[in-house]
Amino acid sequence: MRTYHQSTRRDLNCLKSDMVIKGRSGLGKSTFVNTLFKATVARRKSGEEEPLPSTTEVKTVSSSLSEGGVRLNLTITDTPGFGDHINNENCWEPIVSYIEAQYGRYLQEEQKVDRLLHIPDTRIHCCVYFIPPTGHSLSSLDVEVLQRLDKIVNVVPVVAKADTLTLEERAAFKERIRADLSDHAIKVYPLQEYEDLDDAPENMKIRERLPFAVVGSTTWHEIHGKKLLGRRSNWGLVEVENKSHNDFAYMRDMLIRTHMQDLIGSTAERHYENFRRARLSTKTTSKVNIVNGQDTDHMEDLNESKI
Amino acid sequence: MKDFTFLGSPASTNHLQNAQDFIGFATLPEQVHRKSVKRGFDFTLMVVGESGLGKSTLINSLFLTDLYKERKVPTGESLVEKTVSIEKKTIEIEERGVKLRLTVVDTPGFGDAVNCEEGWKAVERYVDEQFNKFFQDESGLNRKNIQDHRVHCCLYFVPPYGHGLRQMDVEFMRRLHRKVNIVPVIAKSDTLTKAEIHKLKTNILNDIENNKIKIYQFPECDSDEDEDFKQQDRELKASIPFAVIGSNCVIEVAGKKMRGRQYPWGIVEVENSAHCDFVKLRTMLISTHMQDMKEVTQDVHYENFRAQCISQMQVAMKERNKLKRESAANFDQVGDADKLLQQKDEEIRRMQEMLSQMQEKLKESGKDPAAALCLEPGKRDSVVNV
């Protein structure tokens, strides 16, 4: 029997978080990630040294961060080439198949007869979707992609480069995005249906602020003796951590300080279980019919586990 | 009208008036000025770019009007099946007695669909249509009231979020740079710091050069212009592509009212050249190079189109002659180009008949032959030269 201390120590030590960052190029995704984790986690693509990938690529970067005795293994998955082409039909397919592949891998591991006590968790816990700050509404590409993503992963929509919009424009834009999301029945994190009653008021506040309008920066400026992260222009300094300038602080609190465990948990309990159910039910029907030869290796696993 | 050189200001001609060899045509510039002011000027400006880049706001700021009062921003739903449409809006503005009929051609839906391959086709078609219409009108009999709807300038809005020109931008420019004057501008440039703007401009210029795109080039100033003007011209050229900001609201800064955008961290002034290149764009587009853009459209783009059209007609005619020789009775295959040719032939014949009739009448009445000259087809008549 494990004591409480031991279990928490073990869980905290082995915290692993996977995040997918999606959005067209130039929206500040890599800068945002670096700002969020206060480290150079994502390498910034500088200019046209790398040619534009012909389909959306999926690139992962892993790093290990440590704070107060707690270690966090963070994996960031970037999607260069997404939405950058003239014809963007099906540009979401590589991403959807990547997410499902991670679930598939976990499922395979779980079903083994002789499985590891602690299965390496490469499932995506959170998908941060960057919306360009046009000020109008969600674009058709955004709608298409979000409709497919919200069923398989926790989606957090974010308005990128929010220093383009004045406060009124920002409020109007957020409202229109929220209207678009509900029109298309896109469910973003945190979901109302699955939350605890204790978390409801906090989640309500978060939902009112969605999508987060963020500004990222890794340059420090000195103002009145204080060091601040921000972007300086001819007319002022946009402070990253200033809550009246943008929602970065709120988003960071949600992602890291309050809801990280919930993100991991809900991925495991909800999205993964949905995937597992769907995958297993198709396998049992195919097992009965023995018509198509898909998933032959999974079928073998299933057979093995039944022995 | 273009051939008149400005000989001197009106004031200087007064003392010449008493000289013995004074003829008096030094006042021609004033006459031209008066006539053209009375007639008014027209200018067609096309704006192209994804939705949400501030095109309408910029037009409103440039011309200090509200062209888009009844505008409803489209929601996400309506954007899903969008195709590119062409919308024209004309306004008449007046400044110091000079009238300008400004037509703004908007392209809503450009770059908004998931698959944007058809985006430039609609625009290209529109530009060609306008050229074609002008071509037809110019070759017609009654040329008094030709309306010039050709696109004189195309403002292409490049989003500030990227690292240079995107594939779509390059494709669009490649297809339209020989048909219209393209002026690329960086939209919503208050997103970027000065260093980022500089980098983006360099990247865009490199992309343009690598893809051999010919954007609108400023002509060199004459050597007799003063140093200030030359300096201004140099600064203008160095700032291309212009990084602009537009605003629909007037805010008050230090007691002065001006157009700008108010953020919690500061105020961006649209007309402040330290904040953006709006003033430079306005100077170039309106104050200094409007006439030049019209001339380039007329002399370069339209002539190219015309030459292409005529050579196509010639090819079609050769085909038709070949067909005639090969199969005498096979006239069912007369296509559109052939119909046009037939019409032109008819017109030439009729005009020549009219001419010969006029000349006969003149010989009989013995009037001033100069009157017959105005009936003769002008040098630029395309039909006669075919």
# chains A, B, ... in the order shown; residues from 1 in each chain; ligands from 1
$ residues_around --residues "segment 237-242 of chain A" --least-positions-apart "6" --cutoff "8 Å" --atoms "only C-alpha atoms" --output "list in words"
Asp163, Val214, Val215, Gly216, Ser217, Leu228, Leu229, Gly230, Arg231, Phe248 and Ala249 of chain A; Trp265 and Gly266 of chain B
$ write_last_selection --atoms "C-alpha atoms" --output "PDB file, in the first residue's frame"
ATOM      1  CA  ASP A 163      -1.129  44.051 -29.717  1.00  0.00           C
ATOM      2  CA  VAL A 214      -1.770  37.051 -25.940  1.00  0.00           C
ATOM      3  CA  VAL A 215       1.445  38.822 -26.703  1.00  0.00           C
ATOM      4  CA  GLY A 216       4.689  36.951 -26.406  1.00  0.00           C
ATOM      5  CA  SER A 217       8.185  38.282 -26.037  1.00  0.00           C
ATOM      6  CA  LEU A 228       9.874  43.760 -17.764  1.00  0.00           C
ATOM      7  CA  LEU A 229       9.261  41.379 -20.609  1.00  0.00           C
ATOM      8  CA  GLY A 230       7.704  43.184 -23.508  1.00  0.00           C
ATOM      9  CA  ARG A 231       7.674  44.644 -26.982  1.00  0.00           C
ATOM     10  CA  PHE A 248      -0.918  36.143 -21.155  1.00  0.00           C
ATOM     11  CA  ALA A 249      -0.866  35.987 -17.365  1.00  0.00           C
TER      12      ALA A 249
ATOM     13  CA  TRP B 265       0.220  51.222 -23.577  1.00  0.00           C
ATOM     14  CA  GLY B 266       0.195  54.174 -25.912  1.00  0.00           C
TER      15      GLY B 266
END
$ residues_around --residues "segment 254-263 of chain A" --least-positions-apart "6" --cutoff "12 Å" --atoms "only C-alpha atoms" --output "PyMOL selection string"
chain A and resi 11-12+15-19+33+36-37+72+74+123-128+153-156+188-191+194-196+199+202-203+205-207+209-210+212+247-248+269-271
$ write_last_selection --atoms "C-alpha atoms" --output "compact mmCIF listing (two decimals), in the first residue's frame"
# COMPACT_ATOMS: atom_id res chain seq x y z
CA ASP A 11 3.42 11.51 -9.69
CA LEU A 12 4.89 14.95 -9.43
CA LEU A 15 4.84 14.79 -14.69
CA LYS A 16 4.81 14.78 -18.39
CA SER A 17 3.01 17.27 -20.47
CA ASP A 18 2.55 17.32 -24.17
CA MET A 19 1.37 20.31 -26.02
CA VAL A 33 6.14 28.95 -25.91
CA LEU A 36 5.48 30.65 -21.26
CA PHE A 37 8.18 28.35 -20.06
CA LEU A 72 8.38 18.48 -15.71
CA LEU A 74 7.61 18.96 -21.54
CA ARG A 123 -0.59 11.58 -25.74
CA ILE A 124 -1.28 15.19 -26.48
CA HIS A 125 -2.73 16.89 -23.41
CA CYS A 126 -3.44 20.26 -24.88
CA CYS A 127 -3.67 21.87 -28.28
CA VAL A 128 -3.12 25.60 -28.42
CA VAL A 153 -7.95 16.75 -27.97
CA ASN A 154 -8.36 19.63 -25.49
CA VAL A 155 -8.33 22.77 -27.61
CA VAL A 156 -7.40 26.16 -26.19
CA VAL A 188 -13.09 24.22 -26.34
CA TYR A 189 -11.40 23.60 -23.01
CA PRO A 190 -12.55 23.93 -20.24
CA LEU A 191 -15.64 21.96 -21.02
CA TYR A 194 -17.31 17.50 -17.33
CA GLU A 195 -16.20 19.90 -14.66
CA ASP A 196 -16.51 19.51 -10.91
CA ASP A 199 -14.23 24.34 -10.35
CA GLU A 202 -13.32 29.54 -11.91
CA ASN A 203 -13.98 27.84 -15.22
CA LYS A 205 -14.39 33.15 -15.53
CA ILE A 206 -11.97 31.45 -17.86
CA ARG A 207 -14.67 30.80 -20.41
CA ARG A 209 -12.14 35.39 -21.24
CA LEU A 210 -11.77 32.91 -24.08
CA PHE A 212 -7.02 34.45 -24.73
CA ASP A 247 -4.28 37.83 -21.31
CA PHE A 248 -0.92 36.14 -21.15
CA GLU A 269 -10.21 10.00 -18.99
CA ARG A 270 -12.14 11.45 -21.85
CA HIS A 271 -10.41 11.78 -25.17
$ residues_around --residues "segment 143-151 of chain B" --least-positions-apart "4" --cutoff "12 Å" --atoms "only C-alpha atoms" --output "PDB file with N, CA, C and O atoms, in the first residue's frame"
ATOM      1  N   PHE B  41     -10.979  64.901 -62.629  1.00  0.00           N
ATOM      2  CA  PHE B  41     -10.084  63.764 -62.844  1.00  0.00           C
ATOM      3  C   PHE B  41     -10.754  62.502 -62.348  1.00  0.00           C
ATOM      4  O   PHE B  41     -11.602  62.548 -61.465  1.00  0.00           O
ATOM      5  N   ASP B  42     -10.355  61.386 -62.943  1.00  0.00           N
ATOM      6  CA  ASP B  42     -10.846  60.137 -62.366  1.00  0.00           C
ATOM      7  C   ASP B  42      -9.696  59.170 -62.147  1.00  0.00           C
ATOM      8  O   ASP B  42      -8.692  59.211 -62.833  1.00  0.00           O
ATOM      9  N   PHE B  43      -9.893  58.354 -61.150  1.00  0.00           N
ATOM     10  CA  PHE B  43      -8.838  57.428 -60.739  1.00  0.00           C
ATOM     11  C   PHE B  43      -9.488  56.164 -60.204  1.00  0.00           C
ATOM     12  O   PHE B  43     -10.426  56.233 -59.426  1.00  0.00           O
ATOM     13  N   THR B  44      -8.971  55.023 -60.673  1.00  0.00           N
ATOM     14  CA  THR B  44      -9.522  53.752 -60.192  1.00  0.00           C
ATOM     15  C   THR B  44      -8.468  53.031 -59.375  1.00  0.00           C
ATOM     16  O   THR B  44      -7.374  52.752 -59.848  1.00  0.00           O
ATOM     17  N   LEU B  45      -8.812  52.739 -58.147  1.00  0.00           N
ATOM     18  CA  LEU B  45      -7.872  52.102 -57.237  1.00  0.00           C
ATOM     19  C   LEU B  45      -8.439  50.749 -56.820  1.00  0.00           C
ATOM     20  O   LEU B  45      -9.594  50.663 -56.440  1.00  0.00           O
ATOM     21  N   MET B  46      -7.623  49.710 -56.937  1.00  0.00           N
ATOM     22  CA  MET B  46      -8.095  48.390 -56.528  1.00  0.00           C
ATOM     23  C   MET B  46      -7.371  47.996 -55.242  1.00  0.00           C
ATOM     24  O   MET B  46      -6.162  48.200 -55.127  1.00  0.00           O
ATOM     25  N   VAL B  47      -8.102  47.428 -54.301  1.00  0.00           N
ATOM     26  CA  VAL B  47      -7.457  46.970 -53.068  1.00  0.00           C
ATOM     27  C   VAL B  47      -7.613  45.457 -52.981  1.00  0.00           C
ATOM     28  O   VAL B  47      -8.711  44.930 -53.121  1.00  0.00           O
ATOM     29  N   LYS B  88     -17.490  47.517 -56.698  1.00  0.00           N
ATOM     30  CA  LYS B  88     -16.986  48.846 -57.060  1.00  0.00           C
ATOM     31  C   LYS B  88     -17.745  49.911 -56.302  1.00  0.00           C
ATOM     32  O   LYS B  88     -18.965  49.835 -56.177  1.00  0.00           O
ATOM     33  N   LYS B  89     -17.026  50.913 -55.810  1.00  0.00           N
ATOM     34  CA  LYS B  89     -17.708  52.030 -55.152  1.00  0.00           C
ATOM     35  C   LYS B  89     -17.103  53.312 -55.712  1.00  0.00           C
ATOM     36  O   LYS B  89     -15.877  53.453 -55.746  1.00  0.00           O
ATOM     37  N   THR B  90     -17.953  54.240 -56.114  1.00  0.00           N
ATOM     38  CA  THR B  90     -17.425  55.492 -56.668  1.00  0.00           C
ATOM     39  C   THR B  90     -17.828  56.646 -55.790  1.00  0.00           C
ATOM     40  O   THR B  90     -18.981  56.739 -55.370  1.00  0.00           O
ATOM     41  N   ARG B 101     -13.020  61.928 -59.275  1.00  0.00           N
ATOM     42  CA  ARG B 101     -13.992  60.841 -59.235  1.00  0.00           C
ATOM     43  C   ARG B 101     -13.205  59.574 -58.902  1.00  0.00           C
ATOM     44  O   ARG B 101     -12.518  59.020 -59.752  1.00  0.00           O
ATOM     45  N   LEU B 102     -13.303  59.160 -57.666  1.00  0.00           N
ATOM     46  CA  LEU B 102     -12.494  58.029 -57.234  1.00  0.00           C
ATOM     47  C   LEU B 102     -13.329  56.771 -57.237  1.00  0.00           C
ATOM     48  O   LEU B 102     -14.407  56.734 -56.667  1.00  0.00           O
ATOM     49  N   THR B 103     -12.829  55.734 -57.906  1.00  0.00           N
ATOM     50  CA  THR B 103     -13.510  54.438 -57.880  1.00  0.00           C
ATOM     51  C   THR B 103     -12.630  53.468 -57.118  1.00  0.00           C
ATOM     52  O   THR B 103     -11.461  53.301 -57.440  1.00  0.00           O
ATOM     53  N   VAL B 104     -13.205  52.863 -56.096  1.00  0.00           N
ATOM     54  CA  VAL B 104     -12.442  51.881 -55.344  1.00  0.00           C
ATOM     55  C   VAL B 104     -13.003  50.506 -55.668  1.00  0.00           C
ATOM     56  O   VAL B 104     -14.192  50.260 -55.523  1.00  0.00           O
ATOM     57  N   VAL B 105     -12.139  49.634 -56.150  1.00  0.00           N
ATOM     58  CA  VAL B 105     -12.568  48.281 -56.493  1.00  0.00           C
ATOM     59  C   VAL B 105     -12.113  47.360 -55.380  1.00  0.00           C
ATOM     60  O   VAL B 105     -10.923  47.229 -55.120  1.00  0.00           O
ATOM     61  N   ASP B 106     -13.085  46.752 -54.713  1.00  0.00           N
ATOM     62  CA  ASP B 106     -12.745  45.894 -53.594  1.00  0.00           C
ATOM     63  C   ASP B 106     -12.868  44.434 -54.016  1.00  0.00           C
ATOM     64  O   ASP B 106     -13.641  44.107 -54.918  1.00  0.00           O
ATOM     65  N   VAL B 123      -9.806  38.403 -60.176  1.00  0.00           N
ATOM     66  CA  VAL B 123      -9.218  39.738 -60.295  1.00  0.00           C
ATOM     67  C   VAL B 123      -8.660  39.945 -61.693  1.00  0.00           C
ATOM     68  O   VAL B 123      -8.858  40.989 -62.325  1.00  0.00           O
ATOM     69  N   GLU B 124      -7.957  38.921 -62.195  1.00  0.00           N
ATOM     70  CA  GLU B 124      -7.358  39.034 -63.533  1.00  0.00           C
ATOM     71  C   GLU B 124      -8.453  39.232 -64.573  1.00  0.00           C
ATOM     72  O   GLU B 124      -8.318  40.066 -65.483  1.00  0.00           O
ATOM     73  N   ARG B 125      -9.533  38.491 -64.388  1.00  0.00           N
ATOM     74  CA  ARG B 125     -10.635  38.604 -65.338  1.00  0.00           C
ATOM     75  C   ARG B 125     -11.195  40.007 -65.346  1.00  0.00           C
ATOM     76  O   ARG B 125     -11.482  40.577 -66.391  1.00  0.00           O
ATOM     77  N   TYR B 126     -11.332  40.580 -64.150  1.00  0.00           N
ATOM     78  CA  TYR B 126     -11.892  41.926 -64.065  1.00  0.00           C
ATOM     79  C   TYR B 126     -10.990  42.938 -64.759  1.00  0.00           C
ATOM     80  O   TYR B 126     -11.455  43.779 -65.537  1.00  0.00           O
ATOM     81  N   VAL B 127      -9.692  42.839 -64.492  1.00  0.00           N
ATOM     82  CA  VAL B 127      -8.763  43.792 -65.106  1.00  0.00           C
ATOM     83  C   VAL B 127      -8.809  43.664 -66.633  1.00  0.00           C
ATOM     84  O   VAL B 127      -8.862  44.671 -67.359  1.00  0.00           O
ATOM     85  N   ASP B 128      -8.817  42.423 -67.111  1.00  0.00           N
ATOM     86  CA  ASP B 128      -8.872  42.213 -68.565  1.00  0.00           C
ATOM     87  C   ASP B 128     -10.166  42.749 -69.153  1.00  0.00           C
ATOM     88  O   ASP B 128     -10.168  43.324 -70.245  1.00  0.00           O
ATOM     89  N   GLU B 129     -11.264  42.563 -68.415  1.00  0.00           N
ATOM     90  CA  GLU B 129     -12.551  43.061 -68.898  1.00  0.00           C
ATOM     91  C   GLU B 129     -12.515  44.564 -69.106  1.00  0.00           C
ATOM     92  O   GLU B 129     -13.022  45.084 -70.103  1.00  0.00           O
ATOM     93  N   GLN B 130     -11.923  45.259 -68.132  1.00  0.00           N
ATOM     94  CA  GLN B 130     -11.869  46.720 -68.240  1.00  0.00           C
ATOM     95  C   GLN B 130     -11.023  47.144 -69.423  1.00  0.00           C
ATOM     96  O   GLN B 130     -11.379  48.073 -70.157  1.00  0.00           O
ATOM     97  N   PHE B 131      -9.901  46.452 -69.617  1.00  0.00           N
ATOM     98  CA  PHE B 131      -9.060  46.760 -70.771  1.00  0.00           C
ATOM     99  C   PHE B 131      -9.820  46.505 -72.054  1.00  0.00           C
ATOM    100  O   PHE B 131      -9.778  47.292 -73.003  1.00  0.00           O
ATOM    101  N   ASN B 132     -10.500  45.374 -72.088  1.00  0.00           N
ATOM    102  CA  ASN B 132     -11.225  44.987 -73.283  1.00  0.00           C
ATOM    103  C   ASN B 132     -12.289  46.015 -73.625  1.00  0.00           C
ATOM    104  O   ASN B 132     -12.452  46.418 -74.777  1.00  0.00           O
ATOM    105  N   LYS B 133     -13.003  46.449 -72.591  1.00  0.00           N
ATOM    106  CA  LYS B 133     -14.074  47.421 -72.795  1.00  0.00           C
ATOM    107  C   LYS B 133     -13.504  48.706 -73.374  1.00  0.00           C
ATOM    108  O   LYS B 133     -14.051  49.283 -74.295  1.00  0.00           O
ATOM    109  N   PHE B 134     -12.358  49.122 -72.811  1.00  0.00           N
ATOM    110  CA  PHE B 134     -11.750  50.347 -73.304  1.00  0.00           C
ATOM    111  C   PHE B 134     -11.304  50.175 -74.737  1.00  0.00           C
ATOM    112  O   PHE B 134     -11.435  51.077 -75.567  1.00  0.00           O
ATOM    113  N   PHE B 135     -10.774  49.007 -75.045  1.00  0.00           N
ATOM    114  CA  PHE B 135     -10.310  48.701 -76.386  1.00  0.00           C
ATOM    115  C   PHE B 135     -11.460  48.797 -77.385  1.00  0.00           C
ATOM    116  O   PHE B 135     -11.353  49.392 -78.455  1.00  0.00           O
ATOM    117  N   GLN B 136     -12.582  48.194 -76.991  1.00  0.00           N
ATOM    118  CA  GLN B 136     -13.756  48.240 -77.865  1.00  0.00           C
ATOM    119  C   GLN B 136     -14.225  49.682 -78.067  1.00  0.00           C
ATOM    120  O   GLN B 136     -14.520  50.121 -79.177  1.00  0.00           O
ATOM    121  N   ASP B 137     -14.294  50.406 -76.930  1.00  0.00           N
ATOM    122  CA  ASP B 137     -14.773  51.791 -77.017  1.00  0.00           C
ATOM    123  C   ASP B 137     -13.863  52.636 -77.884  1.00  0.00           C
ATOM    124  O   ASP B 137     -14.309  53.463 -78.675  1.00  0.00           O
ATOM    125  N   GLU B 138     -12.557  52.388 -77.740  1.00  0.00           N
ATOM    126  CA  GLU B 138     -11.589  53.206 -78.470  1.00  0.00           C
ATOM    127  C   GLU B 138     -11.668  52.941 -79.958  1.00  0.00           C
ATOM    128  O   GLU B 138     -11.397  53.814 -80.777  1.00  0.00           O
ATOM    129  N   SER B 139     -11.990  51.692 -80.314  1.00  0.00           N
ATOM    130  CA  SER B 139     -12.059  51.366 -81.735  1.00  0.00           C
ATOM    131  C   SER B 139     -13.419  51.674 -82.318  1.00  0.00           C
ATOM    132  O   SER B 139     -13.652  51.460 -83.497  1.00  0.00           O
ATOM    133  N   LEU B 155      -3.451  48.240 -54.819  1.00  0.00           N
ATOM    134  CA  LEU B 155      -2.767  48.203 -53.530  1.00  0.00           C
ATOM    135  C   LEU B 155      -2.857  46.780 -52.994  1.00  0.00           C
ATOM    136  O   LEU B 155      -3.942  46.300 -52.709  1.00  0.00           O
ATOM    137  N   LEU B 176      -0.353  39.333 -62.182  1.00  0.00           N
ATOM    138  CA  LEU B 176      -0.918  40.647 -62.474  1.00  0.00           C
ATOM    139  C   LEU B 176       0.079  41.762 -62.646  1.00  0.00           C
ATOM    140  O   LEU B 176      -0.327  42.895 -62.888  1.00  0.00           O
ATOM    141  N   LYS B 179      -0.195  43.669 -65.834  1.00  0.00           N
ATOM    142  CA  LYS B 179      -1.485  44.225 -66.238  1.00  0.00           C
ATOM    143  C   LYS B 179      -1.878  45.432 -65.417  1.00  0.00           C
ATOM    144  O   LYS B 179      -2.765  46.187 -65.810  1.00  0.00           O
ATOM    145  N   VAL B 180      -1.271  45.578 -64.276  1.00  0.00           N
ATOM    146  CA  VAL B 180      -1.713  46.669 -63.416  1.00  0.00           C
ATOM    147  C   VAL B 180      -0.524  47.112 -62.578  1.00  0.00           C
ATOM    148  O   VAL B 180       0.411  46.348 -62.344  1.00  0.00           O
ATOM    149  N   ASN B 181      -0.532  48.367 -62.120  1.00  0.00           N
ATOM    150  CA  ASN B 181       0.546  48.856 -61.262  1.00  0.00           C
ATOM    151  C   ASN B 181       0.348  48.300 -59.867  1.00  0.00           C
ATOM    152  O   ASN B 181      -0.599  48.664 -59.186  1.00  0.00           O
ATOM    153  N   ILE B 182       1.256  47.425 -59.442  1.00  0.00           N
ATOM    154  CA  ILE B 182       1.097  46.837 -58.107  1.00  0.00           C
ATOM    155  C   ILE B 182       1.915  47.638 -57.104  1.00  0.00           C
ATOM    156  O   ILE B 182       3.108  47.871 -57.304  1.00  0.00           O
ATOM    157  N   MET B 293       0.826  57.159 -62.540  1.00  0.00           N
ATOM    158  CA  MET B 293       0.267  55.804 -62.555  1.00  0.00           C
ATOM    159  C   MET B 293      -0.752  55.665 -63.669  1.00  0.00           C
ATOM    160  O   MET B 293      -0.818  54.637 -64.345  1.00  0.00           O
ATOM    161  N   LYS B 294      -1.524  56.717 -63.874  1.00  0.00           N
ATOM    162  CA  LYS B 294      -2.491  56.660 -64.968  1.00  0.00           C
ATOM    163  C   LYS B 294      -1.763  56.548 -66.297  1.00  0.00           C
ATOM    164  O   LYS B 294      -2.167  55.793 -67.183  1.00  0.00           O
ATOM    165  N   GLU B 295      -0.661  57.290 -66.422  1.00  0.00           N
ATOM    166  CA  GLU B 295       0.079  57.249 -67.687  1.00  0.00           C
ATOM    167  C   GLU B 295       0.710  55.890 -67.919  1.00  0.00           C
ATOM    168  O   GLU B 295       0.699  55.380 -69.036  1.00  0.00           O
ATOM    169  N   VAL B 296       1.256  55.316 -66.859  1.00  0.00           N
ATOM    170  CA  VAL B 296       1.861  53.986 -67.030  1.00  0.00           C
ATOM    171  C   VAL B 296       0.793  52.970 -67.411  1.00  0.00           C
ATOM    172  O   VAL B 296       1.008  52.108 -68.265  1.00  0.00           O
ATOM    173  N   THR B 297      -0.382  53.083 -66.794  1.00  0.00           N
ATOM    174  CA  THR B 297      -1.468  52.171 -67.156  1.00  0.00           C
ATOM    175  C   THR B 297      -1.801  52.325 -68.628  1.00  0.00           C
ATOM    176  O   THR B 297      -1.960  51.348 -69.355  1.00  0.00           O
ATOM    177  N   GLN B 298      -1.878  53.578 -69.080  1.00  0.00           N
ATOM    178  CA  GLN B 298      -2.226  53.827 -70.469  1.00  0.00           C
ATOM    179  C   GLN B 298      -1.115  53.392 -71.407  1.00  0.00           C
ATOM    180  O   GLN B 298      -1.350  52.677 -72.379  1.00  0.00           O
ATOM    181  N   HIS B 301       0.687  49.130 -69.664  1.00  0.00           N
ATOM    182  CA  HIS B 301      -0.169  47.960 -69.474  1.00  0.00           C
ATOM    183  C   HIS B 301      -1.227  47.842 -70.552  1.00  0.00           C
ATOM    184  O   HIS B 301      -1.464  46.766 -71.098  1.00  0.00           O
ATOM    185  N   TYR B 302      -1.860  48.964 -70.867  1.00  0.00           N
ATOM    186  CA  TYR B 302      -2.931  48.906 -71.857  1.00  0.00           C
ATOM    187  C   TYR B 302      -2.377  48.599 -73.234  1.00  0.00           C
ATOM    188  O   TYR B 302      -2.964  47.827 -73.997  1.00  0.00           O
ATOM    189  N   PHE B 305      -1.681  44.984 -73.518  1.00  0.00           N
ATOM    190  CA  PHE B 305      -2.925  44.240 -73.690  1.00  0.00           C
ATOM    191  C   PHE B 305      -3.414  44.349 -75.124  1.00  0.00           C
ATOM    192  O   PHE B 305      -3.821  43.374 -75.747  1.00  0.00           O
ATOM    193  N   LEU B 375     -12.224  65.008 -88.912  1.00  0.00           N
ATOM    194  CA  LEU B 375     -13.015  63.805 -89.150  1.00  0.00           C
ATOM    195  C   LEU B 375     -12.136  62.601 -89.462  1.00  0.00           C
ATOM    196  O   LEU B 375     -12.555  61.470 -89.393  1.00  0.00           O
ATOM    197  N   PRO B 377      -9.577  59.728 -89.074  1.00  0.00           N
ATOM    198  CA  PRO B 377      -9.221  58.924 -87.880  1.00  0.00           C
ATOM    199  C   PRO B 377      -7.849  59.306 -87.367  1.00  0.00           C
ATOM    200  O   PRO B 377      -6.960  59.548 -88.151  1.00  0.00           O
ATOM    201  N   GLY B 378      -7.708  59.389 -86.082  1.00  0.00           N
ATOM    202  CA  GLY B 378      -6.465  59.823 -85.435  1.00  0.00           C
ATOM    203  C   GLY B 378      -5.335  58.815 -85.610  1.00  0.00           C
ATOM    204  O   GLY B 378      -5.533  57.707 -86.095  1.00  0.00           O
ATOM    205  N   ASP B 381      -5.553  55.254 -83.976  1.00  0.00           N
ATOM    206  CA  ASP B 381      -6.667  54.368 -84.261  1.00  0.00           C
ATOM    207  C   ASP B 381      -6.142  52.985 -84.612  1.00  0.00           C
ATOM    208  O   ASP B 381      -5.468  52.801 -85.612  1.00  0.00           O
TER     209      ASP B 381
END
$ interface_residues --of "chain A" --to "chain B" --cutoff "10 Å" --atoms "only C-alpha atoms" --output "number ranges by chain"
A: 24-28, 45-48, 52, 83-91, 132-144, 160-168, 176-177, 179-181, 183-184, 231-239, 244-246
$ select_by_dssp --residues "segment 57-272 of chain A" --states "strand (DSSP E)" --output "PyMOL selection string"
chain A and resi 59-67+70-78+126-131+155-159+212-213+220-223+226-233+236-239
$ closest_atom_pairs --of "segment 248-358 of chain B" --to "segment 213-222 of chain B" --cutoff "9 Å" --atoms "only C-alpha atoms" --output "CSV"
residue,atom,partner,partner_atom,distance
B:Met284,CA,B:Phe218,CA,9.0
B:His289,CA,B:Phe218,CA,7.9
B:Asp292,CA,B:Pro219,CA,8.3
B:Met293,CA,B:Tyr216,CA,8.2
$ closest_residue --among "A:Ile131, A:Asp78, A:Thr267, A:Lys22" --to "Lys174 of chain A" --atoms "only C-alpha atoms"
A:Ile131
